[in-house]
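J.: Sharing model-v4.cif here; it has mmCIF, C-alpha atoms.
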data_model
#
loop_
_atom_site.label_atom_id
_atom_site.label_comp_id
_atom_site.auth_asym_id
_atom_site.auth_seq_id
_atom_site.Cartn_x
_atom_site.Cartn_y
_atom_site.Cartn_z
CA MET A 9 92.73 99.27 57.20
CA ASN A 10 89.69 100.20 59.21
CA ALA A 11 91.84 101.87 61.80
CA GLU A 12 91.38 105.08 63.71
CA PRO A 13 93.98 106.83 65.81
CA VAL A 14 93.20 108.34 69.17
CA GLN A 15 91.66 111.56 68.01
CA VAL A 16 89.26 114.34 68.70
CA ARG A 17 86.79 115.38 66.02
CA VAL A 18 84.71 118.54 66.14
CA VAL A 19 82.25 119.50 63.39
CA LYS A 20 80.88 123.03 63.07
CA ARG A 21 78.70 124.83 60.53
CA PHE A 22 79.36 128.44 59.57
CA SER A 23 77.17 130.91 57.73
CA ALA A 24 80.37 132.46 56.31
CA SER A 25 81.87 131.15 53.07
CA SER A 26 84.55 128.44 52.91
CA GLU A 27 87.11 131.06 51.88
CA ARG A 28 86.47 133.32 54.86
CA VAL A 29 86.56 130.44 57.30
CA PHE A 30 89.75 129.07 55.71
CA ASP A 31 91.55 132.42 55.70
CA ALA A 32 90.84 132.92 59.40
CA TRP A 33 93.32 130.07 60.09
CA LEU A 34 96.24 131.69 58.30
CA ASP A 35 95.80 135.43 58.83
CA PRO A 36 97.67 136.61 61.97
CA ALA A 37 95.29 139.55 62.52
CA LEU A 38 92.30 137.20 62.45
CA ILE A 39 93.99 134.46 64.51
CA ALA A 40 94.54 137.06 67.23
CA GLN A 41 90.79 137.65 67.31
CA TRP A 42 89.46 134.15 67.71
CA MET A 43 92.14 131.61 68.60
CA PHE A 44 93.91 133.41 71.41
CA GLY A 45 93.63 136.42 73.64
CA PRO A 46 91.71 137.80 76.63
CA LYS A 47 88.32 137.23 74.98
CA LEU A 48 88.85 133.47 75.30
CA ARG A 49 90.81 133.15 78.53
CA GLU A 50 93.14 135.05 80.80
CA GLU A 51 96.08 135.42 78.48
CA GLU A 52 97.97 138.07 76.61
CA ILE A 53 99.06 137.62 73.00
CA LEU A 54 102.79 138.30 72.64
CA ARG A 55 103.31 137.28 69.03
CA ILE A 56 101.41 135.61 66.21
CA ALA A 57 103.81 134.57 63.46
CA VAL A 58 102.60 132.71 60.37
CA ASN A 59 104.57 131.48 57.37
CA ALA A 60 101.70 130.04 55.42
CA ARG A 61 103.58 127.76 53.06
CA VAL A 62 103.77 123.97 53.14
CA GLY A 63 106.85 122.99 55.14
CA ASP A 64 107.00 126.36 56.91
CA SER A 65 105.85 126.98 60.42
CA PHE A 66 103.78 129.11 62.75
CA SER A 67 104.31 130.32 66.29
CA PHE A 68 101.57 131.65 68.55
CA LEU A 69 103.17 133.02 71.71
CA VAL A 70 100.93 133.92 74.64
CA ARG A 71 101.47 134.74 78.32
CA ARG A 72 99.28 133.16 80.98
CA GLN A 73 99.94 134.39 84.49
CA ASP A 74 103.74 134.29 84.52
CA ALA A 75 104.22 131.53 81.98
CA GLU A 76 104.94 132.10 78.30
CA ILE A 77 103.39 129.42 76.15
CA ASN A 78 104.45 128.98 72.55
CA HIS A 79 102.06 127.02 70.33
CA VAL A 80 104.09 125.90 67.36
CA GLY A 81 103.59 123.77 64.30
CA GLN A 82 104.37 123.16 60.69
CA TYR A 83 102.00 123.37 57.75
CA LEU A 84 101.70 120.00 56.01
CA GLU A 85 98.93 120.74 53.49
CA ILE A 86 97.41 124.04 52.41
CA GLU A 87 94.60 123.76 49.87
CA ARG A 88 92.53 126.91 50.01
CA PRO A 89 89.65 126.79 50.78
CA ARG A 90 89.11 123.05 51.29
CA ARG A 91 91.82 121.62 53.48
CA LEU A 92 94.51 122.63 55.93
CA VAL A 93 96.79 120.23 57.82
CA PHE A 94 99.37 121.24 60.41
CA THR A 95 101.29 119.84 63.33
CA TRP A 96 100.38 121.30 66.68
CA GLY A 97 102.27 121.36 69.93
CA ILE A 98 103.70 123.38 72.76
CA ALA A 99 107.36 124.40 72.26
CA ASP A 100 109.38 121.44 70.92
CA SER A 101 106.70 118.80 70.96
CA ASP A 102 105.10 118.45 67.55
CA SER A 103 103.53 115.10 68.10
CA SER A 104 99.95 115.97 67.34
CA ARG A 105 98.36 116.84 64.04
CA VAL A 106 95.33 118.93 63.19
CA THR A 107 93.38 118.50 59.95
CA ILE A 108 90.78 121.04 58.88
CA ASP A 109 88.35 119.96 56.16
CA ILE A 110 85.90 122.55 54.86
CA ARG A 111 82.89 121.53 52.80
CA PRO A 112 80.83 124.24 51.10
CA LEU A 113 77.09 124.26 51.80
CA GLU A 114 74.35 126.10 49.92
CA ALA A 115 74.76 128.89 52.47
CA GLY A 116 78.06 128.89 54.32
CA CYS A 117 80.14 125.81 54.98
CA GLU A 118 80.80 122.93 57.34
CA LEU A 119 84.19 122.55 59.00
CA THR A 120 85.47 119.26 60.37
CA LEU A 121 88.46 119.51 62.68
CA THR A 122 90.38 116.35 63.48
CA HIS A 123 93.10 116.47 66.11
CA GLU A 124 95.19 113.30 66.22
CA LEU A 125 97.46 112.68 69.12
CA HIS A 126 100.43 111.46 67.15
CA ARG A 127 101.18 111.68 63.48
CA ASP A 128 103.44 108.61 63.63
CA TRP A 129 100.65 106.46 64.93
CA ALA A 130 99.65 105.34 61.50
CA ASP A 131 102.89 103.35 61.60
CA TYR A 132 101.89 101.63 64.82
CA ALA A 133 98.49 100.83 63.34
CA ASP A 134 100.17 99.15 60.38
CA ARG A 135 102.39 97.11 62.66
CA THR A 136 99.68 95.90 64.96
CA GLU A 137 96.97 93.48 63.91
CA VAL A 138 94.18 95.32 65.64
CA GLY A 139 92.88 98.62 64.40
CA TRP A 140 92.86 101.79 66.39
CA THR A 141 89.12 101.61 66.81
CA THR A 142 89.67 98.44 68.77
CA MET A 143 92.38 100.08 70.78
CA VAL A 144 90.25 103.06 71.68
CA GLY A 145 87.53 100.56 72.62
CA VAL A 146 89.97 98.75 74.88
CA LEU A 147 90.97 102.04 76.45
CA ALA A 148 87.33 102.87 77.21
CA GLU A 149 86.81 99.37 78.58
CA LEU A 150 89.81 99.64 80.88
CA LEU A 151 88.69 103.05 82.08
CA ASP A 152 85.27 101.60 82.86
CA ALA A 153 86.81 98.64 84.64
CA THR A 154 88.90 100.87 86.86
CA GLY A 155 86.10 103.35 87.50
CA MET B 30 98.71 118.91 81.55
CA VAL B 31 100.44 115.68 80.68
CA SER B 32 102.80 115.88 77.69
CA SER B 33 101.92 114.21 74.42
CA ARG B 34 105.21 112.33 74.69
CA GLN B 35 103.98 110.66 77.87
CA LEU B 36 100.71 109.86 76.14
CA ASP B 37 102.65 108.30 73.26
CA HIS B 38 104.40 106.14 75.79
CA THR B 39 101.11 104.97 77.26
CA LEU B 40 99.59 104.27 73.88
CA SER B 41 102.54 102.42 72.40
CA ALA B 42 102.46 100.21 75.51
CA LEU B 43 98.79 99.58 74.75
CA ALA B 44 99.46 98.85 71.08
CA ASP B 45 99.94 95.12 71.68
CA PRO B 46 97.22 92.48 72.16
CA THR B 47 99.13 90.54 74.86
CA ARG B 48 99.71 93.66 76.93
CA ARG B 49 96.07 94.68 76.64
CA ALA B 50 95.02 91.18 77.76
CA ILE B 51 97.35 91.51 80.77
CA LEU B 52 95.76 94.84 81.67
CA ARG B 53 92.27 93.38 81.32
CA ARG B 54 93.26 90.61 83.73
CA LEU B 55 94.70 93.14 86.20
CA ALA B 56 91.57 95.30 85.96
CA ARG B 57 89.89 92.49 87.96
CA GLY B 58 92.36 92.93 90.81
CA GLU B 59 95.93 92.35 92.00
CA THR B 60 97.39 89.18 90.50
CA ARG B 61 100.57 87.12 90.85
CA VAL B 62 102.90 87.25 87.83
CA THR B 63 102.63 83.48 87.37
CA ASP B 64 98.82 83.68 87.29
CA VAL B 65 98.95 86.53 84.81
CA ALA B 66 101.20 84.42 82.56
CA ARG B 67 99.14 81.20 82.75
CA PRO B 68 96.53 81.87 80.01
CA PHE B 69 99.17 82.82 77.43
CA ALA B 70 100.81 80.39 75.06
CA MET B 71 104.23 81.84 75.77
CA SER B 72 106.99 81.50 78.32
CA LEU B 73 106.94 83.26 81.67
CA ALA B 74 109.99 85.18 80.47
CA ALA B 75 108.12 86.45 77.41
CA VAL B 76 105.16 87.54 79.50
CA SER B 77 107.52 89.20 82.01
CA LYS B 78 108.98 91.23 79.17
CA HIS B 79 105.51 92.56 78.32
CA VAL B 80 104.90 93.29 82.00
CA ARG B 81 108.10 95.32 82.15
CA VAL B 82 106.94 97.45 79.18
CA LEU B 83 103.70 98.11 81.05
CA GLU B 84 105.62 98.96 84.24
CA ARG B 85 107.82 101.43 82.36
CA ALA B 86 104.71 103.09 80.92
CA GLY B 87 103.36 103.40 84.47
CA LEU B 88 100.38 101.17 83.68
CA VAL B 89 101.36 98.36 86.04
CA ARG B 90 102.72 98.42 89.58
CA ARG B 91 104.63 95.51 91.10
CA ARG B 92 105.03 94.64 94.76
CA ARG B 93 106.63 91.71 96.51
CA ALA B 94 104.86 89.58 99.09
CA GLY B 95 107.31 86.94 100.24
CA ARG B 96 108.30 84.99 97.13
CA ASP B 97 105.42 86.26 95.05
CA HIS B 98 105.47 89.21 92.71
CA LEU B 99 102.05 90.81 92.69
CA LEU B 100 100.93 93.03 89.82
CA SER B 101 98.22 95.64 89.84
CA LEU B 102 96.81 98.07 87.28
CA GLU B 103 97.66 101.75 87.50
CA ALA B 104 94.81 103.67 85.90
CA GLU B 105 96.41 107.12 86.02
CA PRO B 106 98.02 107.03 82.53
CA LEU B 107 94.71 105.87 81.04
CA ASP B 108 92.92 108.75 82.73
CA ASP B 109 95.57 111.06 81.25
CA VAL B 110 94.63 109.90 77.75
CA ALA B 111 90.94 110.45 78.46
CA ARG B 112 91.72 113.89 79.90
CA TRP B 113 93.81 114.84 76.87
CA ILE B 114 90.91 113.96 74.57
CA GLU B 115 88.45 115.98 76.65
CA ALA B 116 90.79 118.99 76.95
CA GLN B 117 91.34 119.13 73.18
CA ARG B 118 87.64 118.80 72.48
CA ALA B 119 86.89 121.68 74.87
CA PHE B 120 89.70 123.79 73.36
CA TRP B 121 88.58 123.44 69.74
CA THR B 122 84.86 123.67 70.47
CA GLN B 123 85.45 126.98 72.22
CA ARG B 124 87.75 128.27 69.43
CA LEU B 125 85.34 127.36 66.65
CA ALA B 126 82.51 129.12 68.49
CA ALA B 127 84.75 132.21 68.77
CA LEU B 128 85.60 131.98 65.07
CA ASP B 129 81.91 131.85 64.20
CA ASP B 130 81.22 134.89 66.43
CA MET B 131 84.06 136.84 64.84
CA LEU B 132 82.90 136.13 61.27
CA GLN B 133 79.27 136.96 62.07
CA ASN B 134 80.15 140.18 63.91
CA ALA B 135 82.35 141.31 61.04
CA GLU B 136 79.55 140.67 58.59
CA GLN B 137 76.99 142.57 60.66
CA ALA B 138 79.31 145.48 61.45
CA GLN B 139 80.57 146.15 57.95
CA GLY B 140 78.40 144.19 55.64
CA THR B 141 81.68 142.94 54.21
CA PRO B 142 84.05 140.16 55.22
CA PRO B 143 86.85 141.23 57.59
CA ASN B 144 89.46 140.07 55.11
CA ALA B 145 87.74 141.27 51.93
CA ASN B 146 90.34 143.98 51.34
CA ARG B 147 93.33 141.82 52.09
CA ARG B 148 95.46 140.52 49.31
CA LYS B 149 94.51 137.11 47.97
CA ARG B 150 96.70 134.18 48.92
#
Translate this file's structure into structure tokens.
T.:
Amino acid sequence: MNAEPVQVRVVKRFSASSERVFDAWLDPALIAQWMFGPKLREEEILRIAVNARVGDSFSFLVRRQDAEINHVGQYLEIERPRRLVFTWGIADSDSSRVTIDIRPLEAGCELTLTHELHRDWADYADRTEVGWTTMVGVLAELLDATG
Amino acid sequence: MVSSRQLDHTLSALADPTRRAILRRLARGETRVTDVARPFAMSLAAVSKHVRVLERAGLVRRRRAGRDHLLSLEAEPLDDVARWIEAQRAFWTQRLAALDDMLQNAEQAQGTPPNANRRKR
């Protein structure tokens, strides 16, 4: 089915190798350098816990102002250095999914990150006659219509 | 920020052609329930059921004017979906730029990858 869920896709090229880029997603010491912390926004890292096995989970706990925010998820696919899939949410909500695809280039690599709002949406797409592309189109149309 | 559960609610309400057609009609302005139902080849009761799903998702507001029930579109949940998409795009774009910086700095500082001495996975 030519269907697409509501999703965000970001593509980025790196001069570093696929392996180095891949490992940065699963190494707590590296995660603390680029994904969270005061370099990115006003927050303090309280704990970065990673169990990098399919079916196991991660927990990235940060404090912003007085609120503790726990980013949690479960690893669904780990194929070093090509592909990494995990659920992503705050606290108990795990209803979004992030897929990292890494393609080697002559020098460095290209990473495609896809963040889908809900991993169960594929089921909806199967049940409905229209594809998600249509639905996202309708959403844009309605937003235009309402200004 | 709106929860993804709320967004799910909005999007499952949108995942039906009849309900999207109702919303398109309401995007043109407030409309009586009976007028909303007219173009559809289904009973008023069936259309009302779809309208109730949209009301529960916060996409449609109903008010009474005498004997008429008037429906109007509530754009807020749609804006929430658009905002979610923009917020995630901003989040990951910023993170990937930071990842690139980190890897480049490590290379320049040491001439070796930051994780070169770590055990292999």
J.: Enumerate, as a PyMOL selection string, the residues matched when the PyMOL selection byres ((chain B) within 9 of (chain A)) is run on the file above.
T.: chain B and resi 32-34+36-37+40-41+43-46+49+52-53+56-57+102-104+107-108+110-111+113-115+117-118+121-133+136+142-145+150
J.: Expand the PyMOL selection byres ((chain A and resi 72) around 10) into the explicit residue set it covers here, and present it as a list in words.
T.: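 Matching residues under the PyMOL selection byres ((chain A and resi 72) around 10) are Gly45, Pro46, Arg49, Glu50, Glu51, Glu52, Ile53, Val70, Arg71, Gln73, Asp74, Ala75, Glu76 and Ile77 of chain A.
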J.: Using the chain letters and numbers from the file, give me the residues hit by the PyMOL selection byres ((chain B and resi 86-88) around 8), as JSON, numbers by chain.
T.: {"B": [38, 39, 42, 82, 83, 84, 85, 89, 90, 102, 103, 104, 105, 106, 107]}
J.: Find the residues around region 90-93 of chain A up to 10 Å (all atoms listed in the file counted), leave out those fewer than 3 positions away in its own chain, and share them as a list in words.
T.: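 With the cut-off at 10 Å, the set is Ser26, Glu27, Val29, Phe30, Trp33, Leu34, Val62, Gln82, Tyr83, Leu84, Glu85, Ile86, Glu87, Trp96, Arg105, Val106, Thr107, Ile108, Asp109, Ile110, Arg111, Pro112, Leu119, Thr120, Leu121, Thr122 and His123 of chain A.
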J.: One decimal, Å: what's the distance from CA of Thr60 (chain B) over to CA of Arg91 (chain B), could you say?
T.: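 Between these atoms lies a distance of 9.6 Å.
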J.: Hey, can you check how far CA of Leu69 (chain A) sits from CA of Phe94 (chain A)?
T.: 16.8 Å
J.: Provide the CA of His98 (chain B) to CA of Arg81 (chain B) distance in Å, to one decimal place.
T.: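 These two atoms are separated by 12.5 Å.
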J.: Within 10 Å of Arg92 (chain B), counting only C-alpha atoms, which residues show up once you throw out same-chain ones fewer than 3 positions away? Write them as a PyMOL selection string, please.
T.: chain B and resi 59+61+95+97-101
J.: Once 3 Å is added on each side, what are the centre and the three edge lengths, in Å to one decimal, of the axis-aligned box enclosing the listed atoms of region 74-80 of chain A? Present them as JSON.
T.:
{"center_x": 103.5, "center_y": 130.1, "center_z": 75.9, "size_x": 8.9, "size_y": 14.4, "size_z": 23.2}
